[in-house]
$ cat query.cif   # mmCIF, C-alpha atoms
data_entry
#
loop_
_atom_site.label_atom_id
_atom_site.label_comp_id
_atom_site.auth_asym_id
_atom_site.auth_seq_id
_atom_site.Cartn_x
_atom_site.Cartn_y
_atom_site.Cartn_z
CA MET I 1 57.48 147.58 119.52
CA SER I 2 59.78 145.72 117.19
CA LYS I 3 61.77 142.61 118.08
CA ILE I 4 65.40 142.80 117.03
CA ALA I 5 68.07 140.08 117.07
CA VAL I 6 71.72 141.10 117.17
CA VAL I 7 73.76 138.08 116.04
CA TYR I 8 77.55 138.22 116.01
CA TRP I 9 80.85 136.35 116.10
CA SER I 10 83.85 137.93 117.79
CA GLY I 11 87.35 136.58 118.20
CA THR I 12 89.01 139.51 119.98
CA GLY I 13 86.03 141.37 121.45
CA ASN I 14 85.93 144.13 118.81
CA THR I 15 82.81 142.87 117.05
CA GLU I 16 81.24 142.04 120.41
CA ALA I 17 81.68 145.70 121.47
CA MET I 18 80.02 146.74 118.21
CA ALA I 19 77.15 144.28 118.83
CA ASN I 20 76.56 145.80 122.26
CA ALA I 21 76.40 149.29 120.73
CA VAL I 22 73.91 148.08 118.07
CA ALA I 23 71.76 146.57 120.84
CA GLU I 24 71.98 149.79 122.84
CA GLY I 25 70.82 151.84 119.85
CA ALA I 26 67.88 149.54 119.14
CA LYS I 27 66.81 149.52 122.80
CA GLY I 28 67.09 153.32 122.89
CA ALA I 29 64.69 153.47 119.93
CA GLY I 30 62.17 151.33 121.80
CA ALA I 31 62.86 147.86 120.42
CA THR I 32 63.02 144.61 122.34
CA VAL I 33 66.51 143.27 121.69
CA SER I 34 67.97 139.76 121.96
CA LEU I 35 71.74 139.37 121.68
CA TYR I 36 73.12 136.07 120.32
CA THR I 37 76.53 134.70 119.42
CA ALA I 38 76.59 132.87 116.09
CA PRO I 39 76.44 129.36 117.63
CA GLU I 40 73.31 130.36 119.61
CA PHE I 41 71.30 131.50 116.57
CA THR I 42 69.64 129.25 113.99
CA ALA I 43 67.70 129.77 110.77
CA SER I 44 64.55 128.60 112.55
CA MET I 45 64.76 131.74 114.72
CA VAL I 46 64.77 134.26 111.83
CA ASP I 47 60.98 134.49 111.63
CA ASP I 48 60.78 135.31 115.36
CA PHE I 49 62.26 138.77 114.74
CA ASP I 50 61.16 141.87 112.86
CA ALA I 51 64.78 142.72 112.02
CA ILE I 52 68.26 141.28 112.50
CA ALA I 53 71.69 142.85 112.80
CA PHE I 54 74.49 140.48 111.80
CA GLY I 55 78.05 141.20 112.90
CA CYS I 56 81.21 139.43 111.82
CA PRO I 57 84.84 140.49 111.45
CA ALA I 58 86.85 140.00 108.31
CA MET I 59 88.90 136.81 108.43
CA GLY I 60 91.69 135.43 106.27
CA SER I 61 91.47 136.91 102.80
CA GLU I 62 88.52 139.15 103.74
CA VAL I 63 85.84 136.52 104.28
CA LEU I 64 83.32 135.83 107.04
CA GLU I 65 84.48 133.67 109.94
CA GLU I 66 84.24 130.17 108.46
CA SER I 67 83.72 127.71 111.31
CA GLU I 68 80.75 129.21 113.19
CA PHE I 69 79.43 132.42 111.64
CA GLU I 70 79.45 131.62 107.92
CA PRO I 71 77.62 128.27 108.25
CA MET I 72 74.96 129.88 110.49
CA PHE I 73 74.53 132.81 108.09
CA THR I 74 74.34 130.52 105.05
CA ASP I 75 71.56 128.54 106.79
CA CYS I 76 69.67 131.81 107.39
CA GLU I 77 69.97 133.13 103.82
CA SER I 78 66.85 131.43 102.47
CA LYS I 79 64.77 133.31 105.08
CA LEU I 80 66.19 136.80 104.46
CA SER I 81 64.01 137.83 101.52
CA GLY I 82 62.06 140.91 102.60
CA LYS I 83 63.66 140.86 106.08
CA LYS I 84 65.05 144.09 107.53
CA ILE I 85 68.72 143.54 108.30
CA ALA I 86 71.88 145.49 109.03
CA LEU I 87 75.54 144.45 108.96
CA PHE I 88 78.58 145.41 111.03
CA GLY I 89 82.08 144.17 111.75
CA SER I 90 85.72 144.96 112.29
CA TYR I 91 88.83 144.17 110.31
CA GLY I 92 92.56 144.27 110.77
CA TRP I 93 93.77 144.52 107.18
CA GLY I 94 92.43 145.11 103.70
CA ASP I 95 89.89 147.74 102.69
CA GLY I 96 86.54 146.29 103.73
CA GLU I 97 86.02 144.07 100.70
CA TRP I 98 84.42 141.38 102.90
CA MET I 99 81.64 143.79 103.84
CA ARG I 100 80.92 144.82 100.25
CA THR I 101 80.74 141.16 99.25
CA TRP I 102 78.49 140.39 102.23
CA GLU I 103 76.17 143.31 101.37
CA ASP I 104 75.90 142.04 97.77
CA THR I 105 75.05 138.56 99.06
CA CYS I 106 72.30 139.99 101.26
CA ARG I 107 70.84 142.07 98.43
CA ASN I 108 70.87 139.01 96.17
CA ASP I 109 69.00 137.14 98.93
CA GLY I 110 66.30 139.84 98.80
CA ALA I 111 67.11 141.27 102.22
CA ASN I 112 66.29 144.90 102.99
CA LEU I 113 69.50 146.56 104.22
CA VAL I 114 68.03 149.34 106.37
CA ALA I 115 71.22 151.25 107.15
CA GLU I 116 74.73 151.72 105.86
CA SER I 117 76.91 148.93 107.21
CA VAL I 118 79.36 149.89 109.95
CA ILE I 119 82.96 148.71 109.72
CA CYS I 120 86.00 149.74 111.69
CA MET I 121 89.68 148.94 111.83
CA GLU I 122 90.42 146.91 114.98
CA ALA I 123 88.60 148.15 118.11
CA PRO I 124 85.61 150.44 117.54
CA ASP I 125 86.33 154.10 118.23
CA ASP I 126 83.71 156.67 119.26
CA GLU I 127 82.62 157.19 115.64
CA ALA I 128 82.15 153.46 115.01
CA GLU I 129 80.23 153.02 118.27
CA ALA I 130 77.95 155.93 117.35
CA GLY I 131 77.46 154.37 113.91
CA CYS I 132 76.50 151.07 115.55
CA ARG I 133 73.98 152.80 117.82
CA SER I 134 72.48 154.51 114.75
CA LEU I 135 72.38 151.19 112.93
CA GLY I 136 70.46 149.65 115.84
CA ALA I 137 68.04 152.57 115.92
CA ALA I 138 67.44 152.21 112.17
CA LEU I 139 66.48 148.57 112.67
CA ALA I 140 63.98 149.52 115.38
#

$ encode --input "query.cif" --output "structure tokens"
Amino acid sequence: MSKIAVVYWSGTGNTEAMANAVAEGAKGAGATVSLYTAPEFTASMVDDFDAIAFGCPAMGSEVLEESEFEPMFTDCESKLSGKKIALFGSYGWGDGEWMRTWEDTCRNDGANLVAESVICMEAPDDEAEAGCRSLGAALA
């Protein structure tokens, strides 16, 4: 049984809803899942998990949330080489550029992106929630 961490930051609850769907999908596939907000997770915890789903909405000019999520993620980057990860998040404007940039960063870090990232405009609809459950199952 694999151990999965779902680590997210959510300002309005949209990304939190996505995180819960990712966790549900991983649990449904038989994984042990731990759910963390960005301030609760540290780089020292990365090695405790077989795979990690990171979730963050687009902020400002399509960047990761800068006060809590981005510093935590930057600290984790040196441990992502060879690690199975997946990404998800919501946005309110733009075209998802923040996710493409984030995916490139993860690939450059040597991470193994195991599923297509899930993004949605504002609150996740049924399709986005199903995508998040599939993402969680792929991590498991």

$ resolve_selection --input "query.cif" --expression "the PyMOL selection byres ((chain I and resi 12) around 12)" --output "PDB file with C-alpha atoms, in the frame of the given file"
ATOM      1  CA  TRP I   9      80.850 136.350 116.100  1.00  0.00           C
ATOM      2  CA  SER I  10      83.850 137.930 117.790  1.00  0.00           C
ATOM      3  CA  GLY I  11      87.350 136.580 118.200  1.00  0.00           C
ATOM      4  CA  GLY I  13      86.030 141.370 121.450  1.00  0.00           C
ATOM      5  CA  ASN I  14      85.930 144.130 118.810  1.00  0.00           C
ATOM      6  CA  THR I  15      82.810 142.870 117.050  1.00  0.00           C
ATOM      7  CA  GLU I  16      81.240 142.040 120.410  1.00  0.00           C
ATOM      8  CA  ALA I  17      81.680 145.700 121.470  1.00  0.00           C
ATOM      9  CA  MET I  18      80.020 146.740 118.210  1.00  0.00           C
ATOM     10  CA  CYS I  56      81.210 139.430 111.820  1.00  0.00           C
ATOM     11  CA  PRO I  57      84.840 140.490 111.450  1.00  0.00           C
ATOM     12  CA  ALA I  58      86.850 140.000 108.310  1.00  0.00           C
ATOM     13  CA  MET I  59      88.900 136.810 108.430  1.00  0.00           C
ATOM     14  CA  GLY I  89      82.080 144.170 111.750  1.00  0.00           C
ATOM     15  CA  SER I  90      85.720 144.960 112.290  1.00  0.00           C
ATOM     16  CA  TYR I  91      88.830 144.170 110.310  1.00  0.00           C
ATOM     17  CA  GLY I  92      92.560 144.270 110.770  1.00  0.00           C
ATOM     18  CA  GLU I 122      90.420 146.910 114.980  1.00  0.00           C
ATOM     19  CA  ALA I 123      88.600 148.150 118.110  1.00  0.00           C
ATOM     20  CA  PRO I 124      85.610 150.440 117.540  1.00  0.00           C
TER      21      PRO I 124
END

$ closest_residue --input "query.cif" --among "I:Ala31, I:Ala19, I:Ala111, I:Ala38" --to "I:Ala130" --atoms "only C-alpha atoms"
I:Ala19

$ resolve_selection --input "query.cif" --expression "the PyMOL selection byres ((chain I and resi 88) around 6)" --output "ChimeraX atom specification"
/I:55,87,89,117-119

$ atom_distance --input "query.cif" --atom1 "atom CA of I:Tyr8" --atom2 "atom CA of I:Gly30"
21.0 Å

$ atom_distance --input "query.cif" --atom1 "atom CA of I:Val22" --atom2 "atom CA of I:Cys106"
18.7 Å

$ closest_residue --input "query.cif" --among "I:Ala23, I:Met1, I:Met72, I:Leu113" --to "I:Ala43" --atoms "all atoms listed in the file"
I:Met72

$ closest_residue --input "query.cif" --among "I:Gly96, I:Ile4, I:Met45, I:Lys27" --to "I:Met121" --atoms "all atoms listed in the file"
I:Gly96

$ atom_distance --input "query.cif" --atom1 "atom CA of I:Arg133" --atom2 "atom CA of I:Ser61"
28.0 Å

$ closest_residue --input "query.cif" --among "I:Gly28, I:Gly82, I:Gly94, I:Pro39" --to "I:Asn112" --atoms "only C-alpha atoms"
I:Gly82

$ closest_residue --input "query.cif" --among "I:Ala5, I:Glu66, I:Thr101, I:Cys76" --to "I:Ala51" --atoms "only C-alpha atoms"
I:Ala5

$ resolve_selection --input "query.cif" --expression "the PyMOL selection byres ((chain I and resi 78) around 12)" --output "PDB file with C-alpha atoms, in the coordinates of the input"
ATOM      1  CA  ALA I  43      67.700 129.770 110.770  1.00  0.00           C
ATOM      2  CA  SER I  44      64.550 128.600 112.550  1.00  0.00           C
ATOM      3  CA  VAL I  46      64.770 134.260 111.830  1.00  0.00           C
ATOM      4  CA  ASP I  47      60.980 134.490 111.630  1.00  0.00           C
ATOM      5  CA  MET I  72      74.960 129.880 110.490  1.00  0.00           C
ATOM      6  CA  PHE I  73      74.530 132.810 108.090  1.00  0.00           C
ATOM      7  CA  THR I  74      74.340 130.520 105.050  1.00  0.00           C
ATOM      8  CA  ASP I  75      71.560 128.540 106.790  1.00  0.00           C
ATOM      9  CA  CYS I  76      69.670 131.810 107.390  1.00  0.00           C
ATOM     10  CA  GLU I  77      69.970 133.130 103.820  1.00  0.00           C
ATOM     11  CA  LYS I  79      64.770 133.310 105.080  1.00  0.00           C
ATOM     12  CA  LEU I  80      66.190 136.800 104.460  1.00  0.00           C
ATOM     13  CA  SER I  81      64.010 137.830 101.520  1.00  0.00           C
ATOM     14  CA  GLY I  82      62.060 140.910 102.600  1.00  0.00           C
ATOM     15  CA  LYS I  83      63.660 140.860 106.080  1.00  0.00           C
ATOM     16  CA  THR I 105      75.050 138.560  99.060  1.00  0.00           C
ATOM     17  CA  CYS I 106      72.300 139.990 101.260  1.00  0.00           C
ATOM     18  CA  ASN I 108      70.870 139.010  96.170  1.00  0.00           C
ATOM     19  CA  ASP I 109      69.000 137.140  98.930  1.00  0.00           C
ATOM     20  CA  GLY I 110      66.300 139.840  98.800  1.00  0.00           C
ATOM     21  CA  ALA I 111      67.110 141.270 102.220  1.00  0.00           C
TER      22      ALA I 111
END

$ closest_residue --input "query.cif" --among "I:Gly131, I:Pro71, I:Gly136, I:Gly25" --to "I:Phe41" --atoms "only C-alpha atoms"
I:Pro71

$ decode --input "query.cif" --residues "stretch 53-66 of chain I" --atoms "all heavy atoms" --output "PDB file, in the first residue's frame"
ATOM      1  N   ALA I  53       0.770  14.790  -4.046  1.00  0.00           N
ATOM      2  CA  ALA I  53      -0.033  15.677  -4.886  1.00  0.00           C
ATOM      3  C   ALA I  53       0.079  17.068  -4.287  1.00  0.00           C
ATOM      4  O   ALA I  53      -0.169  17.261  -3.095  1.00  0.00           O
ATOM      5  CB  ALA I  53      -1.491  15.229  -4.902  1.00  0.00           C
ATOM      6  N   PHE I  54       0.486  18.021  -5.101  1.00  0.00           N
ATOM      7  CA  PHE I  54       0.581  19.420  -4.677  1.00  0.00           C
ATOM      8  C   PHE I  54      -0.543  20.212  -5.344  1.00  0.00           C
ATOM      9  O   PHE I  54      -0.740  20.102  -6.554  1.00  0.00           O
ATOM     10  CB  PHE I  54       1.916  20.031  -5.104  1.00  0.00           C
ATOM     11  CG  PHE I  54       3.112  19.536  -4.347  1.00  0.00           C
ATOM     12  CD1 PHE I  54       3.984  18.629  -4.921  1.00  0.00           C
ATOM     13  CD2 PHE I  54       3.384  19.992  -3.064  1.00  0.00           C
ATOM     14  CE1 PHE I  54       5.113  18.180  -4.240  1.00  0.00           C
ATOM     15  CE2 PHE I  54       4.499  19.549  -2.367  1.00  0.00           C
ATOM     16  CZ  PHE I  54       5.368  18.640  -2.963  1.00  0.00           C
ATOM     17  N   GLY I  55      -1.255  21.020  -4.554  1.00  0.00           N
ATOM     18  CA  GLY I  55      -2.331  21.830  -5.100  1.00  0.00           C
ATOM     19  C   GLY I  55      -2.201  23.281  -4.690  1.00  0.00           C
ATOM     20  O   GLY I  55      -2.003  23.584  -3.509  1.00  0.00           O
ATOM     21  N   CYS I  56      -2.297  24.162  -5.676  1.00  0.00           N
ATOM     22  CA  CYS I  56      -2.197  25.595  -5.407  1.00  0.00           C
ATOM     23  C   CYS I  56      -2.935  26.363  -6.501  1.00  0.00           C
ATOM     24  O   CYS I  56      -2.782  26.047  -7.675  1.00  0.00           O
ATOM     25  CB  CYS I  56      -0.729  26.024  -5.366  1.00  0.00           C
ATOM     26  SG  CYS I  56      -0.475  27.746  -4.865  1.00  0.00           S
ATOM     27  N   PRO I  57      -3.722  27.361  -6.124  1.00  0.00           N
ATOM     28  CA  PRO I  57      -4.377  28.178  -7.138  1.00  0.00           C
ATOM     29  C   PRO I  57      -3.402  29.158  -7.780  1.00  0.00           C
ATOM     30  O   PRO I  57      -2.329  29.414  -7.239  1.00  0.00           O
ATOM     31  CB  PRO I  57      -5.444  28.928  -6.340  1.00  0.00           C
ATOM     32  CG  PRO I  57      -4.864  29.034  -4.969  1.00  0.00           C
ATOM     33  CD  PRO I  57      -4.063  27.771  -4.762  1.00  0.00           C
ATOM     34  N   ALA I  58      -3.819  29.677  -8.907  1.00  0.00           N
ATOM     35  CA  ALA I  58      -3.060  30.752  -9.545  1.00  0.00           C
ATOM     36  C   ALA I  58      -3.298  32.033  -8.754  1.00  0.00           C
ATOM     37  O   ALA I  58      -4.411  32.312  -8.333  1.00  0.00           O
ATOM     38  CB  ALA I  58      -3.521  30.947 -10.989  1.00  0.00           C
ATOM     39  N   MET I  59      -2.241  32.786  -8.557  1.00  0.00           N
ATOM     40  CA  MET I  59      -2.332  34.052  -7.835  1.00  0.00           C
ATOM     41  C   MET I  59      -1.747  35.160  -8.709  1.00  0.00           C
ATOM     42  O   MET I  59      -0.916  34.885  -9.576  1.00  0.00           O
ATOM     43  CB  MET I  59      -1.539  33.976  -6.528  1.00  0.00           C
ATOM     44  CG  MET I  59      -1.956  32.833  -5.602  1.00  0.00           C
ATOM     45  SD  MET I  59      -3.619  32.963  -4.955  1.00  0.00           S
ATOM     46  CE  MET I  59      -3.382  34.272  -3.764  1.00  0.00           C
ATOM     47  N   GLY I  60      -2.129  36.376  -8.438  1.00  0.00           N
ATOM     48  CA  GLY I  60      -1.538  37.532  -9.116  1.00  0.00           C
ATOM     49  C   GLY I  60      -1.437  37.343 -10.612  1.00  0.00           C
ATOM     50  O   GLY I  60      -2.420  37.077 -11.284  1.00  0.00           O
ATOM     51  N   SER I  61      -0.231  37.447 -11.126  1.00  0.00           N
ATOM     52  CA  SER I  61      -0.017  37.296 -12.567  1.00  0.00           C
ATOM     53  C   SER I  61       0.325  35.841 -12.873  1.00  0.00           C
ATOM     54  O   SER I  61       1.373  35.525 -13.432  1.00  0.00           O
ATOM     55  CB  SER I  61       1.079  38.242 -13.053  1.00  0.00           C
ATOM     56  OG  SER I  61       2.282  37.970 -12.362  1.00  0.00           O
ATOM     57  N   GLU I  62      -0.570  34.933 -12.484  1.00  0.00           N
ATOM     58  CA  GLU I  62      -0.434  33.496 -12.705  1.00  0.00           C
ATOM     59  C   GLU I  62       0.855  32.933 -12.100  1.00  0.00           C
ATOM     60  O   GLU I  62       1.716  32.408 -12.797  1.00  0.00           O
ATOM     61  CB  GLU I  62      -0.554  33.152 -14.197  1.00  0.00           C
ATOM     62  CG  GLU I  62      -1.961  33.383 -14.725  1.00  0.00           C
ATOM     63  CD  GLU I  62      -2.329  32.448 -15.847  1.00  0.00           C
ATOM     64  OE1 GLU I  62      -2.340  31.230 -15.618  1.00  0.00           O
ATOM     65  OE2 GLU I  62      -2.608  32.944 -16.945  1.00  0.00           O
ATOM     66  N   VAL I  63       0.951  33.046 -10.798  1.00  0.00           N
ATOM     67  CA  VAL I  63       2.058  32.468 -10.040  1.00  0.00           C
ATOM     68  C   VAL I  63       1.478  31.681  -8.860  1.00  0.00           C
ATOM     69  O   VAL I  63       0.310  31.832  -8.508  1.00  0.00           O
ATOM     70  CB  VAL I  63       3.034  33.552  -9.519  1.00  0.00           C
ATOM     71  CG1 VAL I  63       3.695  34.290 -10.678  1.00  0.00           C
ATOM     72  CG2 VAL I  63       2.325  34.537  -8.599  1.00  0.00           C
ATOM     73  N   LEU I  64       2.317  30.849  -8.242  1.00  0.00           N
ATOM     74  CA  LEU I  64       1.919  30.136  -7.037  1.00  0.00           C
ATOM     75  C   LEU I  64       1.733  31.127  -5.897  1.00  0.00           C
ATOM     76  O   LEU I  64       2.373  32.182  -5.877  1.00  0.00           O
ATOM     77  CB  LEU I  64       2.995  29.115  -6.654  1.00  0.00           C
ATOM     78  CG  LEU I  64       3.256  27.997  -7.657  1.00  0.00           C
ATOM     79  CD1 LEU I  64       4.458  27.161  -7.201  1.00  0.00           C
ATOM     80  CD2 LEU I  64       2.032  27.128  -7.841  1.00  0.00           C
ATOM     81  N   GLU I  65       0.891  30.781  -4.942  1.00  0.00           N
ATOM     82  CA  GLU I  65       0.684  31.620  -3.759  1.00  0.00           C
ATOM     83  C   GLU I  65       2.042  31.845  -3.097  1.00  0.00           C
ATOM     84  O   GLU I  65       2.764  30.908  -2.812  1.00  0.00           O
ATOM     85  CB  GLU I  65      -0.300  30.923  -2.799  1.00  0.00           C
ATOM     86  CG  GLU I  65      -0.790  31.801  -1.675  1.00  0.00           C
ATOM     87  CD  GLU I  65       0.199  31.903  -0.522  1.00  0.00           C
ATOM     88  OE1 GLU I  65       0.915  30.920  -0.242  1.00  0.00           O
ATOM     89  OE2 GLU I  65       0.265  32.975   0.104  1.00  0.00           O
ATOM     90  N   GLU I  66       2.390  33.126  -2.858  1.00  0.00           N
ATOM     91  CA  GLU I  66       3.775  33.485  -2.532  1.00  0.00           C
ATOM     92  C   GLU I  66       4.151  33.498  -1.058  1.00  0.00           C
ATOM     93  O   GLU I  66       5.330  33.423  -0.738  1.00  0.00           O
ATOM     94  CB  GLU I  66       4.097  34.854  -3.145  1.00  0.00           C
ATOM     95  CG  GLU I  66       4.037  34.819  -4.660  1.00  0.00           C
ATOM     96  CD  GLU I  66       4.159  36.182  -5.293  1.00  0.00           C
ATOM     97  OE1 GLU I  66       3.360  37.080  -4.951  1.00  0.00           O
ATOM     98  OE2 GLU I  66       5.063  36.344  -6.136  1.00  0.00           O
TER      99      GLU I  66
END
